[in-house]
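K.L.:
Contents of input.cif (mmCIF, N, CA and C atoms) are below:
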```cif
data_query
#
loop_
_atom_site.label_atom_id
_atom_site.label_comp_id
_atom_site.auth_asym_id
_atom_site.auth_seq_id
_atom_site.Cartn_x
_atom_site.Cartn_y
_atom_site.Cartn_z
N MET A 1 22.43 -1.87 1.32
CA MET A 1 22.85 -1.94 -0.07
C MET A 1 23.51 -0.63 -0.45
N ASN A 2 24.48 -0.69 -1.32
CA ASN A 2 25.15 0.51 -1.81
C ASN A 2 24.36 1.01 -3.03
N TRP A 3 23.48 1.97 -2.78
CA TRP A 3 22.59 2.44 -3.84
C TRP A 3 23.31 3.29 -4.87
N THR A 4 24.40 3.95 -4.48
CA THR A 4 25.18 4.71 -5.47
C THR A 4 25.76 3.75 -6.51
N ALA A 5 26.38 2.67 -6.03
CA ALA A 5 26.93 1.68 -6.95
C ALA A 5 25.84 1.02 -7.78
N THR A 6 24.71 0.72 -7.14
CA THR A 6 23.60 0.10 -7.86
C THR A 6 23.08 1.01 -8.96
N GLY A 7 22.87 2.28 -8.63
CA GLY A 7 22.39 3.24 -9.62
C GLY A 7 23.37 3.42 -10.77
N ALA A 8 24.66 3.49 -10.44
CA ALA A 8 25.68 3.64 -11.48
C ALA A 8 25.72 2.41 -12.38
N LEU A 9 25.64 1.24 -11.78
CA LEU A 9 25.62 0.00 -12.57
C LEU A 9 24.39 -0.04 -13.48
N LEU A 10 23.25 0.35 -12.94
CA LEU A 10 22.03 0.37 -13.74
C LEU A 10 22.13 1.38 -14.89
N MET A 11 22.81 2.49 -14.67
CA MET A 11 23.03 3.46 -15.74
C MET A 11 23.90 2.84 -16.83
N ALA A 12 24.98 2.16 -16.43
CA ALA A 12 25.86 1.50 -17.41
C ALA A 12 25.07 0.46 -18.21
N LEU A 13 24.24 -0.32 -17.51
CA LEU A 13 23.42 -1.32 -18.19
C LEU A 13 22.44 -0.67 -19.16
N ALA A 14 21.87 0.46 -18.78
CA ALA A 14 20.93 1.15 -19.67
C ALA A 14 21.64 1.60 -20.95
N VAL A 15 22.86 2.10 -20.82
CA VAL A 15 23.63 2.50 -22.01
C VAL A 15 23.91 1.28 -22.88
N ALA A 16 24.38 0.20 -22.26
CA ALA A 16 24.71 -1.01 -23.01
C ALA A 16 23.47 -1.61 -23.68
N ILE A 17 22.37 -1.69 -22.93
CA ILE A 17 21.13 -2.26 -23.48
C ILE A 17 20.59 -1.36 -24.59
N GLY A 18 20.68 -0.06 -24.39
CA GLY A 18 20.24 0.87 -25.43
C GLY A 18 21.08 0.75 -26.69
N ALA A 19 22.40 0.64 -26.53
CA ALA A 19 23.28 0.48 -27.68
C ALA A 19 23.01 -0.84 -28.40
N PHE A 20 22.78 -1.89 -27.62
CA PHE A 20 22.44 -3.18 -28.22
C PHE A 20 21.18 -3.06 -29.06
N GLY A 21 20.19 -2.37 -28.54
CA GLY A 21 18.95 -2.19 -29.28
C GLY A 21 19.15 -1.39 -30.55
N ALA A 22 19.93 -0.31 -30.44
CA ALA A 22 20.13 0.56 -31.60
C ALA A 22 20.96 -0.10 -32.69
N HIS A 23 21.90 -0.94 -32.29
CA HIS A 23 22.82 -1.54 -33.27
C HIS A 23 22.55 -3.02 -33.51
N GLY A 24 22.38 -3.78 -32.44
CA GLY A 24 22.21 -5.22 -32.58
C GLY A 24 20.82 -5.65 -33.01
N LEU A 25 19.82 -4.85 -32.68
CA LEU A 25 18.44 -5.23 -33.02
C LEU A 25 17.90 -4.48 -34.23
N LYS A 26 18.69 -3.52 -34.71
CA LYS A 26 18.25 -2.73 -35.86
C LYS A 26 17.99 -3.68 -37.04
N GLY A 27 16.82 -3.56 -37.61
CA GLY A 27 16.46 -4.41 -38.74
C GLY A 27 15.91 -5.77 -38.34
N ARG A 28 16.02 -6.12 -37.06
CA ARG A 28 15.51 -7.41 -36.59
C ARG A 28 14.14 -7.27 -35.93
N LEU A 29 13.84 -6.06 -35.44
CA LEU A 29 12.55 -5.82 -34.80
C LEU A 29 11.70 -4.94 -35.68
N ASP A 30 10.39 -5.14 -35.64
CA ASP A 30 9.50 -4.25 -36.37
C ASP A 30 9.41 -2.92 -35.61
N ALA A 31 8.75 -1.96 -36.21
CA ALA A 31 8.68 -0.61 -35.62
C ALA A 31 8.02 -0.63 -34.24
N TYR A 32 6.96 -1.41 -34.09
CA TYR A 32 6.28 -1.49 -32.79
C TYR A 32 7.22 -2.04 -31.72
N SER A 33 7.87 -3.15 -32.02
CA SER A 33 8.77 -3.78 -31.04
C SER A 33 9.94 -2.86 -30.70
N MET A 34 10.45 -2.14 -31.69
CA MET A 34 11.55 -1.22 -31.42
C MET A 34 11.08 -0.07 -30.54
N SER A 35 9.85 0.40 -30.74
CA SER A 35 9.35 1.48 -29.88
C SER A 35 9.14 0.99 -28.45
N VAL A 36 8.72 -0.24 -28.27
CA VAL A 36 8.57 -0.83 -26.94
C VAL A 36 9.94 -0.92 -26.28
N TYR A 37 10.93 -1.38 -27.02
CA TYR A 37 12.29 -1.51 -26.51
C TYR A 37 12.84 -0.14 -26.09
N GLU A 38 12.64 0.87 -26.94
CA GLU A 38 13.13 2.22 -26.63
C GLU A 38 12.44 2.79 -25.40
N LYS A 39 11.16 2.50 -25.22
CA LYS A 39 10.44 2.95 -24.02
C LYS A 39 11.04 2.30 -22.78
N ALA A 40 11.37 1.02 -22.88
CA ALA A 40 12.00 0.30 -21.76
C ALA A 40 13.33 0.95 -21.39
N VAL A 41 14.13 1.28 -22.39
CA VAL A 41 15.43 1.91 -22.15
C VAL A 41 15.24 3.27 -21.49
N PHE A 42 14.27 4.06 -21.99
CA PHE A 42 14.03 5.39 -21.43
C PHE A 42 13.67 5.32 -19.94
N TYR A 43 12.71 4.46 -19.60
CA TYR A 43 12.30 4.34 -18.19
C TYR A 43 13.43 3.76 -17.33
N HIS A 44 14.22 2.87 -17.91
CA HIS A 44 15.39 2.32 -17.22
C HIS A 44 16.34 3.46 -16.86
N PHE A 45 16.67 4.31 -17.85
CA PHE A 45 17.57 5.45 -17.60
C PHE A 45 17.02 6.38 -16.52
N VAL A 46 15.79 6.80 -16.69
CA VAL A 46 15.20 7.78 -15.78
C VAL A 46 15.22 7.27 -14.34
N HIS A 47 14.86 6.02 -14.16
CA HIS A 47 14.76 5.50 -12.80
C HIS A 47 16.10 5.08 -12.22
N ALA A 48 17.07 4.75 -13.06
CA ALA A 48 18.44 4.54 -12.57
C ALA A 48 18.99 5.88 -12.07
N LEU A 49 18.70 6.96 -12.79
CA LEU A 49 19.07 8.29 -12.29
C LEU A 49 18.34 8.59 -10.98
N GLY A 50 17.10 8.16 -10.89
CA GLY A 50 16.34 8.34 -9.66
C GLY A 50 17.00 7.63 -8.48
N ILE A 51 17.52 6.44 -8.71
CA ILE A 51 18.22 5.71 -7.64
C ILE A 51 19.47 6.49 -7.23
N LEU A 52 20.21 7.03 -8.20
CA LEU A 52 21.38 7.85 -7.86
C LEU A 52 20.96 9.09 -7.07
N PHE A 53 19.84 9.68 -7.43
CA PHE A 53 19.30 10.84 -6.73
C PHE A 53 18.94 10.49 -5.28
N VAL A 54 18.31 9.36 -5.09
CA VAL A 54 17.95 8.91 -3.75
C VAL A 54 19.22 8.68 -2.92
N ALA A 55 20.23 8.07 -3.53
CA ALA A 55 21.49 7.85 -2.82
C ALA A 55 22.13 9.18 -2.42
N LEU A 56 22.06 10.16 -3.31
CA LEU A 56 22.61 11.49 -3.00
C LEU A 56 21.85 12.14 -1.85
N LEU A 57 20.53 12.01 -1.85
CA LEU A 57 19.74 12.56 -0.75
C LEU A 57 20.14 11.94 0.58
N ALA A 58 20.40 10.65 0.57
CA ALA A 58 20.80 9.97 1.81
C ALA A 58 22.19 10.44 2.26
N ARG A 59 23.10 10.62 1.31
CA ARG A 59 24.45 11.06 1.66
C ARG A 59 24.47 12.48 2.23
N THR A 60 23.52 13.30 1.80
CA THR A 60 23.46 14.66 2.32
C THR A 60 22.66 14.76 3.61
N GLY A 61 22.04 13.67 4.02
CA GLY A 61 21.25 13.66 5.25
C GLY A 61 19.82 14.12 5.06
N ALA A 62 19.40 14.35 3.81
CA ALA A 62 18.04 14.80 3.55
C ALA A 62 17.02 13.69 3.83
N ILE A 63 17.45 12.44 3.65
CA ILE A 63 16.61 11.30 3.99
C ILE A 63 17.45 10.30 4.78
N ASN A 64 16.78 9.44 5.54
CA ASN A 64 17.52 8.46 6.33
C ASN A 64 17.71 7.16 5.54
N ALA A 65 18.44 6.23 6.12
CA ALA A 65 18.77 4.98 5.43
C ALA A 65 17.54 4.15 5.11
N THR A 66 16.56 4.15 6.01
CA THR A 66 15.34 3.38 5.75
C THR A 66 14.59 3.93 4.55
N THR A 67 14.46 5.24 4.50
CA THR A 67 13.79 5.87 3.36
C THR A 67 14.55 5.60 2.08
N GLN A 68 15.87 5.69 2.15
CA GLN A 68 16.71 5.41 0.99
C GLN A 68 16.46 3.98 0.49
N ASN A 69 16.51 3.03 1.40
CA ASN A 69 16.35 1.63 1.01
C ASN A 69 14.97 1.34 0.42
N ARG A 70 13.95 1.89 1.04
CA ARG A 70 12.59 1.64 0.54
C ARG A 70 12.36 2.34 -0.80
N GLY A 71 12.74 3.60 -0.88
CA GLY A 71 12.53 4.35 -2.12
C GLY A 71 13.33 3.79 -3.28
N ALA A 72 14.62 3.58 -3.06
CA ALA A 72 15.47 3.04 -4.13
C ALA A 72 15.07 1.60 -4.47
N GLY A 73 14.67 0.84 -3.47
CA GLY A 73 14.25 -0.54 -3.71
C GLY A 73 13.01 -0.60 -4.60
N LEU A 74 12.07 0.30 -4.37
CA LEU A 74 10.87 0.34 -5.22
C LEU A 74 11.23 0.76 -6.64
N LEU A 75 12.15 1.71 -6.80
CA LEU A 75 12.57 2.11 -8.14
C LEU A 75 13.28 0.96 -8.85
N LEU A 76 14.12 0.23 -8.12
CA LEU A 76 14.79 -0.93 -8.69
C LEU A 76 13.77 -1.99 -9.11
N MET A 77 12.79 -2.24 -8.27
CA MET A 77 11.74 -3.19 -8.61
C MET A 77 11.02 -2.75 -9.88
N GLY A 78 10.79 -1.46 -9.98
CA GLY A 78 10.14 -0.93 -11.18
C GLY A 78 10.97 -1.16 -12.43
N ILE A 79 12.27 -0.95 -12.34
CA ILE A 79 13.14 -1.18 -13.50
C ILE A 79 13.07 -2.64 -13.92
N VAL A 80 13.17 -3.53 -12.95
CA VAL A 80 13.16 -4.96 -13.26
C VAL A 80 11.83 -5.36 -13.89
N LEU A 81 10.72 -4.95 -13.26
CA LEU A 81 9.40 -5.38 -13.74
C LEU A 81 8.96 -4.63 -14.99
N PHE A 82 9.09 -3.31 -14.98
CA PHE A 82 8.60 -2.51 -16.11
C PHE A 82 9.53 -2.66 -17.31
N SER A 83 10.76 -2.21 -17.14
CA SER A 83 11.69 -2.26 -18.28
C SER A 83 12.01 -3.70 -18.66
N GLY A 84 12.21 -4.55 -17.66
CA GLY A 84 12.52 -5.95 -17.95
C GLY A 84 11.44 -6.63 -18.76
N SER A 85 10.18 -6.41 -18.40
CA SER A 85 9.10 -7.05 -19.15
C SER A 85 8.99 -6.47 -20.56
N LEU A 86 9.25 -5.17 -20.71
CA LEU A 86 9.20 -4.58 -22.04
C LEU A 86 10.36 -5.04 -22.91
N TYR A 87 11.55 -5.19 -22.32
CA TYR A 87 12.68 -5.74 -23.09
C TYR A 87 12.31 -7.14 -23.59
N ALA A 88 11.80 -7.95 -22.69
CA ALA A 88 11.44 -9.33 -23.06
C ALA A 88 10.34 -9.35 -24.10
N LEU A 89 9.34 -8.50 -23.94
CA LEU A 89 8.24 -8.41 -24.90
C LEU A 89 8.76 -8.02 -26.28
N ALA A 90 9.59 -6.98 -26.33
CA ALA A 90 10.09 -6.48 -27.61
C ALA A 90 10.92 -7.54 -28.34
N ILE A 91 11.75 -8.24 -27.60
CA ILE A 91 12.65 -9.22 -28.23
C ILE A 91 11.93 -10.51 -28.59
N SER A 92 11.06 -10.97 -27.69
CA SER A 92 10.41 -12.27 -27.91
C SER A 92 9.11 -12.18 -28.71
N GLY A 93 8.44 -11.04 -28.61
CA GLY A 93 7.14 -10.89 -29.24
C GLY A 93 6.01 -11.55 -28.47
N VAL A 94 6.31 -12.12 -27.30
CA VAL A 94 5.29 -12.78 -26.47
C VAL A 94 4.52 -11.69 -25.72
N ARG A 95 3.34 -11.41 -26.20
CA ARG A 95 2.56 -10.28 -25.69
C ARG A 95 2.10 -10.45 -24.24
N VAL A 96 1.97 -11.66 -23.78
CA VAL A 96 1.53 -11.88 -22.40
C VAL A 96 2.53 -11.28 -21.40
N LEU A 97 3.77 -11.10 -21.81
CA LEU A 97 4.77 -10.48 -20.93
C LEU A 97 4.38 -9.05 -20.56
N GLY A 98 3.57 -8.43 -21.42
CA GLY A 98 3.10 -7.08 -21.14
C GLY A 98 2.22 -7.01 -19.90
N ALA A 99 1.71 -8.15 -19.44
CA ALA A 99 0.87 -8.17 -18.24
C ALA A 99 1.68 -7.83 -16.99
N VAL A 100 2.98 -8.01 -17.03
CA VAL A 100 3.86 -7.70 -15.89
C VAL A 100 4.15 -6.21 -15.81
N THR A 101 4.16 -5.55 -16.94
CA THR A 101 4.58 -4.15 -17.04
C THR A 101 3.86 -3.22 -16.06
N PRO A 102 2.54 -3.30 -15.91
CA PRO A 102 1.87 -2.38 -14.98
C PRO A 102 2.35 -2.51 -13.53
N PHE A 103 2.79 -3.70 -13.13
CA PHE A 103 3.31 -3.86 -11.77
C PHE A 103 4.60 -3.06 -11.60
N GLY A 104 5.40 -3.02 -12.65
CA GLY A 104 6.60 -2.18 -12.62
C GLY A 104 6.24 -0.71 -12.55
N GLY A 105 5.22 -0.32 -13.30
CA GLY A 105 4.76 1.07 -13.25
C GLY A 105 4.26 1.44 -11.86
N LEU A 106 3.55 0.52 -11.24
CA LEU A 106 3.08 0.76 -9.86
C LEU A 106 4.26 0.88 -8.89
N ALA A 107 5.30 0.09 -9.10
CA ALA A 107 6.49 0.19 -8.24
C ALA A 107 7.16 1.54 -8.43
N PHE A 108 7.24 2.04 -9.67
CA PHE A 108 7.79 3.38 -9.90
C PHE A 108 6.97 4.43 -9.16
N ILE A 109 5.67 4.38 -9.32
CA ILE A 109 4.79 5.36 -8.67
C ILE A 109 4.93 5.26 -7.16
N ALA A 110 4.92 4.04 -6.63
CA ALA A 110 5.05 3.85 -5.18
C ALA A 110 6.38 4.41 -4.67
N GLY A 111 7.45 4.19 -5.42
CA GLY A 111 8.75 4.70 -5.01
C GLY A 111 8.76 6.22 -4.91
N TRP A 112 8.24 6.87 -5.94
CA TRP A 112 8.22 8.34 -5.92
C TRP A 112 7.27 8.88 -4.86
N LEU A 113 6.10 8.25 -4.71
CA LEU A 113 5.17 8.71 -3.68
C LEU A 113 5.72 8.47 -2.27
N TYR A 114 6.45 7.40 -2.09
CA TYR A 114 7.08 7.15 -0.80
C TYR A 114 8.08 8.26 -0.48
N LEU A 115 8.81 8.71 -1.47
CA LEU A 115 9.76 9.81 -1.26
C LEU A 115 9.03 11.12 -0.97
N VAL A 116 7.90 11.34 -1.61
CA VAL A 116 7.07 12.51 -1.30
C VAL A 116 6.63 12.45 0.16
N TYR A 117 6.11 11.31 0.55
CA TYR A 117 5.67 11.12 1.93
C TYR A 117 6.82 11.39 2.91
N ALA A 118 7.98 10.83 2.63
CA ALA A 118 9.14 11.01 3.53
C ALA A 118 9.55 12.48 3.59
N ALA A 119 9.49 13.18 2.45
CA ALA A 119 9.87 14.59 2.42
C ALA A 119 8.90 15.45 3.21
N VAL A 120 7.61 15.19 3.04
CA VAL A 120 6.58 15.95 3.77
C VAL A 120 6.66 15.66 5.26
N ARG A 121 6.82 14.40 5.61
CA ARG A 121 6.91 14.00 7.00
C ARG A 121 8.12 14.66 7.68
N LYS A 122 9.21 14.79 6.98
CA LYS A 122 10.42 15.36 7.55
C LYS A 122 10.30 16.87 7.74
N THR A 123 9.55 17.54 6.85
CA THR A 123 9.47 18.99 6.92
C THR A 123 8.35 19.48 7.83
N LEU A 124 7.44 18.61 8.22
CA LEU A 124 6.34 19.06 9.09
C LEU A 124 6.74 19.11 10.54
#
```
What do you get writing this file as structure tokens?
P.N.:
Amino acid sequence: MNWTATGALLMALAVAIGAFGAHGLKGRLDAYSMSVYEKAVFYHFVHALGILFVALLARTGAINATTQNRGAGLLLMGIVLFSGSLYALAISGVRVLGAVTPFGGLAFIAGWLYLVYAAVRKTL
């Protein structure tokens, strides 16, 4: 997979989704739902940048393709599960969607810890 393109696309989507929330949902969501939506956008941005960072590490040879694919894949999974469930929760108000969010958080943590493991393994 082209993780640079994926990360860049995810960044563009984060900007568009954030702008939609700020302008299109203003006045339509209560304060709680808007804060949930903004949290989803924030984590989306941070982890899309993380995917770009992982792609850069691979291009410089700091990590190999397998590490890149696993690390970036886990971050992507986190964006879909964590931010995706929060976007859906904020817009729909269906609270049961929040049950998916922790799995996205675990994917984020797993992605970063996998990169820690790969970095330590490479330097030892």
K.L.:
Compare A:Phe82, A:Tyr32, A:Tyr37, A:Trp3 by their minimum atom-to-atom distance to A:Ile51, counting only N, CA and C atoms, and give me the closest one.
P.N.:
A:Trp3
K.L.:
Skip stretch 7-15 of chain A itself and residues of its chain fewer than 6 positions away, then list as a ChimeraX atom specification all residues within 6.5 Å of it, counting all atoms listed in the file.
P.N.:
/A:41,44-45,48-49,51-52
K.L.:
Would you mind telling me which residue in A:Gly98, A:Gly71, A:Ser83, A:Ser33 lies nearest to A:Ala110 when using all atoms listed in the file?
P.N.:
A:Gly71
K.L.:
To one decimal place in Å, what is the distance between atom CA of A:Leu86 and atom N of A:Gly50?
P.N.:
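Result for atom CA of A:Leu86 versus atom N of A:Gly50: 18.7 Å, one decimal.
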K.L.:
Starting from the PyMOL selection byres (((chain A and resi 85 and name CA) around 12) and name CA), expand the selection into actual residues of this file and give them as an mmCIF file with N, CA and C atoms, keeping the file's coordinate frame.
P.N.:
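As a result, out.cif now contains:
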```cif
data_model
loop_
_atom_site.group_PDB
_atom_site.id
_atom_site.type_symbol
_atom_site.label_atom_id
_atom_site.label_comp_id
_atom_site.auth_asym_id
_atom_site.auth_seq_id
_atom_site.Cartn_x
_atom_site.Cartn_y
_atom_site.Cartn_z
ATOM 1 N N VAL A 36 8.720 -0.240 -28.270
ATOM 2 C CA VAL A 36 8.570 -0.830 -26.940
ATOM 3 C C VAL A 36 9.940 -0.920 -26.280
ATOM 4 N N TYR A 37 10.930 -1.380 -27.020
ATOM 5 C CA TYR A 37 12.290 -1.510 -26.510
ATOM 6 C C TYR A 37 12.840 -0.140 -26.090
ATOM 7 N N LYS A 39 11.160 2.500 -25.220
ATOM 8 C CA LYS A 39 10.440 2.950 -24.020
ATOM 9 C C LYS A 39 11.040 2.300 -22.780
ATOM 10 N N ALA A 40 11.370 1.020 -22.880
ATOM 11 C CA ALA A 40 12.000 0.300 -21.760
ATOM 12 C C ALA A 40 13.330 0.950 -21.390
ATOM 13 N N VAL A 41 14.130 1.280 -22.390
ATOM 14 C CA VAL A 41 15.430 1.910 -22.150
ATOM 15 C C VAL A 41 15.240 3.270 -21.490
ATOM 16 N N TYR A 43 12.710 4.460 -19.600
ATOM 17 C CA TYR A 43 12.300 4.340 -18.190
ATOM 18 C C TYR A 43 13.430 3.760 -17.330
ATOM 19 N N HIS A 44 14.220 2.870 -17.910
ATOM 20 C CA HIS A 44 15.390 2.320 -17.220
ATOM 21 C C HIS A 44 16.340 3.460 -16.860
ATOM 22 N N MET A 77 12.790 -2.240 -8.270
ATOM 23 C CA MET A 77 11.740 -3.190 -8.610
ATOM 24 C C MET A 77 11.020 -2.750 -9.880
ATOM 25 N N GLY A 78 10.790 -1.460 -9.980
ATOM 26 C CA GLY A 78 10.140 -0.930 -11.180
ATOM 27 C C GLY A 78 10.970 -1.160 -12.430
ATOM 28 N N ILE A 79 12.270 -0.950 -12.340
ATOM 29 C CA ILE A 79 13.140 -1.180 -13.500
ATOM 30 C C ILE A 79 13.070 -2.640 -13.920
ATOM 31 N N VAL A 80 13.170 -3.530 -12.950
ATOM 32 C CA VAL A 80 13.160 -4.960 -13.260
ATOM 33 C C VAL A 80 11.830 -5.360 -13.890
ATOM 34 N N LEU A 81 10.720 -4.950 -13.260
ATOM 35 C CA LEU A 81 9.400 -5.380 -13.740
ATOM 36 C C LEU A 81 8.960 -4.630 -14.990
ATOM 37 N N PHE A 82 9.090 -3.310 -14.980
ATOM 38 C CA PHE A 82 8.600 -2.510 -16.110
ATOM 39 C C PHE A 82 9.530 -2.660 -17.310
ATOM 40 N N SER A 83 10.760 -2.210 -17.140
ATOM 41 C CA SER A 83 11.690 -2.260 -18.280
ATOM 42 C C SER A 83 12.010 -3.700 -18.660
ATOM 43 N N GLY A 84 12.210 -4.550 -17.660
ATOM 44 C CA GLY A 84 12.520 -5.950 -17.950
ATOM 45 C C GLY A 84 11.440 -6.630 -18.760
ATOM 46 N N LEU A 86 9.250 -5.170 -20.710
ATOM 47 C CA LEU A 86 9.200 -4.580 -22.040
ATOM 48 C C LEU A 86 10.360 -5.040 -22.910
ATOM 49 N N TYR A 87 11.550 -5.190 -22.320
ATOM 50 C CA TYR A 87 12.680 -5.740 -23.090
ATOM 51 C C TYR A 87 12.310 -7.140 -23.590
ATOM 52 N N ALA A 88 11.800 -7.950 -22.690
ATOM 53 C CA ALA A 88 11.440 -9.330 -23.060
ATOM 54 C C ALA A 88 10.340 -9.350 -24.100
ATOM 55 N N LEU A 89 9.340 -8.500 -23.940
ATOM 56 C CA LEU A 89 8.240 -8.410 -24.900
ATOM 57 C C LEU A 89 8.760 -8.020 -26.280
ATOM 58 N N ALA A 90 9.590 -6.980 -26.330
ATOM 59 C CA ALA A 90 10.090 -6.480 -27.610
ATOM 60 C C ALA A 90 10.920 -7.540 -28.340
ATOM 61 N N ILE A 91 11.750 -8.240 -27.600
ATOM 62 C CA ILE A 91 12.650 -9.220 -28.230
ATOM 63 C C ILE A 91 11.930 -10.510 -28.590
ATOM 64 N N SER A 92 11.060 -10.970 -27.690
ATOM 65 C CA SER A 92 10.410 -12.270 -27.910
ATOM 66 C C SER A 92 9.110 -12.180 -28.710
ATOM 67 N N GLY A 93 8.440 -11.040 -28.610
ATOM 68 C CA GLY A 93 7.140 -10.890 -29.240
ATOM 69 C C GLY A 93 6.010 -11.550 -28.470
ATOM 70 N N VAL A 94 6.310 -12.120 -27.300
ATOM 71 C CA VAL A 94 5.290 -12.780 -26.470
ATOM 72 C C VAL A 94 4.520 -11.690 -25.720
ATOM 73 N N ARG A 95 3.340 -11.410 -26.200
ATOM 74 C CA ARG A 95 2.560 -10.280 -25.690
ATOM 75 C C ARG A 95 2.100 -10.450 -24.240
ATOM 76 N N VAL A 96 1.970 -11.660 -23.780
ATOM 77 C CA VAL A 96 1.530 -11.880 -22.400
ATOM 78 C C VAL A 96 2.530 -11.280 -21.400
ATOM 79 N N LEU A 97 3.770 -11.100 -21.810
ATOM 80 C CA LEU A 97 4.770 -10.480 -20.930
ATOM 81 C C LEU A 97 4.380 -9.050 -20.560
ATOM 82 N N GLY A 98 3.570 -8.430 -21.420
ATOM 83 C CA GLY A 98 3.100 -7.080 -21.140
ATOM 84 C C GLY A 98 2.220 -7.010 -19.900
ATOM 85 N N ALA A 99 1.710 -8.150 -19.440
ATOM 86 C CA ALA A 99 0.870 -8.170 -18.240
ATOM 87 C C ALA A 99 1.680 -7.830 -16.990
ATOM 88 N N VAL A 100 2.980 -8.010 -17.030
ATOM 89 C CA VAL A 100 3.860 -7.700 -15.890
ATOM 90 C C VAL A 100 4.150 -6.210 -15.810
ATOM 91 N N THR A 101 4.160 -5.550 -16.940
ATOM 92 C CA THR A 101 4.580 -4.150 -17.040
ATOM 93 C C THR A 101 3.860 -3.220 -16.060
ATOM 94 N N PRO A 102 2.540 -3.300 -15.910
ATOM 95 C CA PRO A 102 1.870 -2.380 -14.980
ATOM 96 C C PRO A 102 2.350 -2.510 -13.530
ATOM 97 N N PHE A 103 2.790 -3.700 -13.130
ATOM 98 C CA PHE A 103 3.310 -3.860 -11.770
ATOM 99 C C PHE A 103 4.600 -3.060 -11.600
ATOM 100 N N GLY A 104 5.400 -3.020 -12.650
ATOM 101 C CA GLY A 104 6.600 -2.180 -12.620
ATOM 102 C C GLY A 104 6.240 -0.710 -12.550
ATOM 103 N N GLY A 105 5.220 -0.320 -13.300
ATOM 104 C CA GLY A 105 4.760 1.070 -13.250
ATOM 105 C C GLY A 105 4.260 1.440 -11.860
#
```
K.L.:
Let me make sure I understand: among A:Thr6, A:Ala58, A:Leu74, A:Ile63, which one has the smallest atom-to-atom distance to A:Ala119 if we use only C-alpha atoms?
P.N.:
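Among the listed residues, the smallest separation from A:Ala119 belongs to A:Ile63.
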K.L.:
What is the atom CA of A:Phe108-atom N of A:Leu76 distance in Å, reported with one decimal?
P.N.:
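According to the coordinates, atom CA of A:Phe108 and atom N of A:Leu76 are separated by 7.3 Å.
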K.L.:
Hey, what does DSSP flag as alpha helix (DSSP H) within chain A? Can you give it to me as a ChimeraX atom specification?
P.N.:
/A:3-19,31-60,65-78,84-92,101-123
K.L.:
Atom CA of A:Gly73 to atom C of A:Val120: how many Å, to one decimal?
P.N.:
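Going from atom CA of A:Gly73 over to atom C of A:Val120, I get 20.0 Å.
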K.L.:
Nearest residue to A:Met1 out of A:Asn69, A:Gly21, A:Leu113, A:Leu106, using all atoms listed in the file?
P.N.:
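Selected residue with least distance to A:Met1: A:Asn69.
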